[in-house]
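Structure data follow from input.cif (mmCIF, C-alpha atoms):
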data_input
#
loop_
_atom_site.group_PDB
_atom_site.id
_atom_site.type_symbol
_atom_site.label_atom_id
_atom_site.label_comp_id
_atom_site.auth_asym_id
_atom_site.auth_seq_id
_atom_site.Cartn_x
_atom_site.Cartn_y
_atom_site.Cartn_z
ATOM 1 C CA MET Y 1 190.728 210.443 154.580
ATOM 2 C CA LYS Y 2 190.493 206.783 155.446
ATOM 3 C CA SER Y 3 188.831 204.618 152.822
ATOM 4 C CA THR Y 4 186.859 201.569 153.724
ATOM 5 C CA VAL Y 5 186.520 198.598 151.475
ATOM 6 C CA SER Y 6 183.209 196.890 151.811
ATOM 7 C CA ALA Y 7 183.071 193.192 151.330
ATOM 8 C CA SER Y 8 180.907 192.357 148.372
ATOM 9 C CA VAL Y 9 179.796 189.123 146.867
ATOM 10 C CA GLY Y 10 180.390 188.721 143.172
ATOM 11 C CA TYR Y 11 177.454 188.275 140.819
ATOM 12 C CA ARG Y 12 178.337 184.677 139.954
ATOM 13 C CA ASP Y 13 178.805 183.640 143.588
ATOM 14 C CA ASP Y 14 175.505 185.227 144.551
ATOM 15 C CA LEU Y 15 173.722 183.580 141.621
ATOM 16 C CA LEU Y 16 175.065 180.135 142.529
ATOM 17 C CA ARG Y 17 174.076 180.633 146.168
ATOM 18 C CA ARG Y 18 170.531 181.619 145.205
ATOM 19 C CA LEU Y 19 170.209 178.760 142.701
ATOM 20 C CA LYS Y 20 170.386 176.338 145.627
ATOM 21 C CA GLU Y 21 166.901 177.577 146.594
ATOM 22 C CA PRO Y 22 164.292 175.495 144.681
ATOM 23 C CA GLU Y 23 161.906 178.418 144.115
ATOM 24 C CA PHE Y 24 164.632 180.658 142.726
ATOM 25 C CA ALA Y 25 166.063 177.877 140.541
ATOM 26 C CA ALA Y 26 162.604 177.066 139.155
ATOM 27 C CA GLY Y 27 161.977 180.716 138.274
ATOM 28 C CA TYR Y 28 165.445 181.078 136.739
ATOM 29 C CA LEU Y 29 164.950 177.997 134.563
ATOM 30 C CA SER Y 30 161.392 178.930 133.585
ATOM 31 C CA LYS Y 31 162.450 182.412 132.543
ATOM 32 C CA SER Y 32 165.423 181.074 130.564
ATOM 33 C CA LEU Y 33 163.144 178.654 128.716
ATOM 34 C CA GLU Y 34 161.127 181.640 127.472
ATOM 35 C CA ASP Y 35 164.221 182.800 125.545
ATOM 36 C CA ASP Y 36 165.342 179.683 123.703
ATOM 37 C CA GLU Y 37 166.656 176.170 124.219
ATOM 38 C CA ALA Y 38 170.320 177.206 124.310
ATOM 39 C CA THR Y 39 169.655 179.723 127.084
ATOM 40 C CA PHE Y 40 167.747 177.082 129.048
ATOM 41 C CA LEU Y 41 170.590 174.569 128.776
ATOM 42 C CA VAL Y 42 173.154 177.113 129.981
ATOM 43 C CA ALA Y 43 170.831 178.043 132.873
ATOM 44 C CA LEU Y 44 170.437 174.368 133.745
ATOM 45 C CA ARG Y 45 174.232 174.082 133.787
ATOM 46 C CA ASP Y 46 174.298 176.984 136.270
ATOM 47 C CA VAL Y 47 171.796 175.166 138.497
ATOM 48 C CA ALA Y 48 173.846 171.971 138.264
ATOM 49 C CA GLU Y 49 176.967 173.917 139.238
ATOM 50 C CA ALA Y 50 175.150 175.359 142.258
ATOM 51 C CA HIS Y 51 174.290 171.830 143.356
ATOM 52 C CA GLY Y 52 177.810 170.457 143.326
ATOM 53 C CA GLY Y 53 178.814 170.622 139.683
ATOM 54 C CA ILE Y 54 178.676 168.245 136.741
ATOM 55 C CA ARG Y 55 180.655 165.515 138.480
ATOM 56 C CA GLU Y 56 178.200 165.466 141.402
ATOM 57 C CA MET Y 57 175.211 165.538 139.049
ATOM 58 C CA ALA Y 58 176.663 162.621 137.101
ATOM 59 C CA LYS Y 59 176.785 160.601 140.321
ATOM 60 C CA LYS Y 60 173.252 161.586 141.360
ATOM 61 C CA THR Y 61 171.698 160.959 137.949
ATOM 62 C CA ARG Y 62 173.872 158.016 136.926
ATOM 63 C CA LEU Y 63 174.483 159.795 133.637
ATOM 64 C CA ASN Y 64 177.903 159.932 132.020
ATOM 65 C CA ARG Y 65 179.813 163.103 132.977
ATOM 66 C CA GLU Y 66 180.900 163.790 129.382
ATOM 67 C CA HIS Y 67 177.297 163.320 128.242
ATOM 68 C CA LEU Y 68 176.178 165.926 130.793
ATOM 69 C CA PHE Y 69 178.804 168.410 129.586
ATOM 70 C CA ARG Y 70 177.628 167.974 125.983
ATOM 71 C CA MET Y 71 173.958 168.012 126.986
ATOM 72 C CA LEU Y 72 174.343 171.302 128.882
ATOM 73 C CA SER Y 73 176.223 173.154 126.166
ATOM 74 C CA LYS Y 74 174.585 175.806 123.989
ATOM 75 C CA THR Y 75 174.370 173.236 121.204
ATOM 76 C CA GLY Y 76 173.239 170.381 123.433
ATOM 77 C CA ASN Y 77 170.317 168.224 122.402
ATOM 78 C CA PRO Y 78 169.271 166.333 125.535
ATOM 79 C CA HIS Y 79 166.721 163.572 125.690
ATOM 80 C CA LEU Y 80 163.683 164.206 127.845
ATOM 81 C CA HIS Y 81 164.678 161.306 130.111
ATOM 82 C CA SER Y 82 168.086 162.911 130.785
ATOM 83 C CA LEU Y 83 166.508 166.301 131.468
ATOM 84 C CA ARG Y 84 164.049 164.785 133.921
ATOM 85 C CA GLN Y 85 166.879 163.012 135.767
ATOM 86 C CA LEU Y 86 168.989 166.151 136.029
ATOM 87 C CA VAL Y 87 166.121 168.395 137.070
ATOM 88 C CA GLY Y 88 165.059 165.796 139.646
ATOM 89 C CA ALA Y 89 168.589 165.609 141.046
ATOM 90 C CA VAL Y 90 168.418 169.303 141.988
ATOM 91 C CA GLY Y 91 165.024 168.928 143.638
ATOM 92 C CA LEU Y 92 162.781 170.137 140.799
ATOM 93 C CA LYS Y 93 160.370 168.535 138.340
ATOM 94 C CA LEU Y 94 159.355 169.346 134.812
ATOM 95 C CA THR Y 95 155.742 170.482 134.457
ATOM 96 C CA LEU Y 96 153.569 172.114 131.840
ATOM 97 C CA GLN Y 97 151.048 174.878 132.241
ATOM 98 C CA PRO Y 98 148.620 176.586 129.890
ATOM 99 C CA ALA Y 99 150.159 179.304 127.742
#

Can I see the file as structure tokens?
Amino acid sequence: MKSTVSASVGYRDDLLRRLKEPEFAAGYLSKSLEDDEATFLVALRDVAEAHGGIREMAKKTRLNREHLFRMLSKTGNPHLHSLRQLVGAVGLKLTLQPA
């Protein structure tokens, strides 16, 4: 019997591809923020990776690359200004809505 191997896209590759879509990225980040700050920062790092990586985001935001790595770690403590710059660089904006 001849076996066929179907081409499949890995989870991570598919996630990064979908995170390029603003609507998907916004939903991903919003949902991660419901968990906790550490989850949100890791999710934001995923979005940054989908949009060219930390080096590219550092260029777009004019933030220091090392600062971005620290900011987007599980223990990061970013300033609101830095978050707004990074979110803006991937085509999103921070907003609030009633709970």

Please provide as a PyMOL selection string all residues within 12 Å of Glu66 of chain Y, with the sequence filter that same-chain residues fewer than 3 positions apart are discarded (counting all atoms listed in the file). chain Y and resi 54-55+57-58+62-63+69-73+76

Report as a list in words all protein, DNA and RNA residues lying within 8 Å of segment 88-91 of chain Y, evaluated on all atoms listed in the file, omitting residues in the same chain fewer than 5 positions from it. Pro22, Val47, Ala48, His51, Met57, Lys60 and Thr61 of chain Y

Neighbour list for Leu19 of chain Y as an NGL selection string, cut-off 10 Å, only C-alpha atoms, skip fewer than 4 positions in-chain: :Y and (13-15 or 23-29 or 43-44 or 46-51 or 90)

When you count only C-alpha atoms, which of these residues is closest to Leu92 of chain Y: Y:Lys20, Y:His67, Y:Lys59, Y:Lys31? Y:Lys20

Residues within 12 Å of (155.6, 185.1, 126.6), file coordinates, counting all atoms listed in the file: what are they? Give the list as a list in words. Ser30, Lys31, Ser32, Leu33, Glu34, Asp35, Asp36, Pro98 and Ala99 of chain Y

Quick check, in Å to one decimal: how far apart do atom CA of Val42 of chain Y and atom CA of Leu96 of chain Y lie?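 So the two atoms, atom CA of Val42 of chain Y and atom CA of Leu96 of chain Y, lie 20.3 Å apart.
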
Got a sec: who's within 9 Å of Lys93 of chain Y, counting only C-alpha atoms, leaving out chain neighbours fewer than 6 positions off, as a list in words?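 Returned residues: Ala26, Arg84, Gln85 and Val87 of chain Y.
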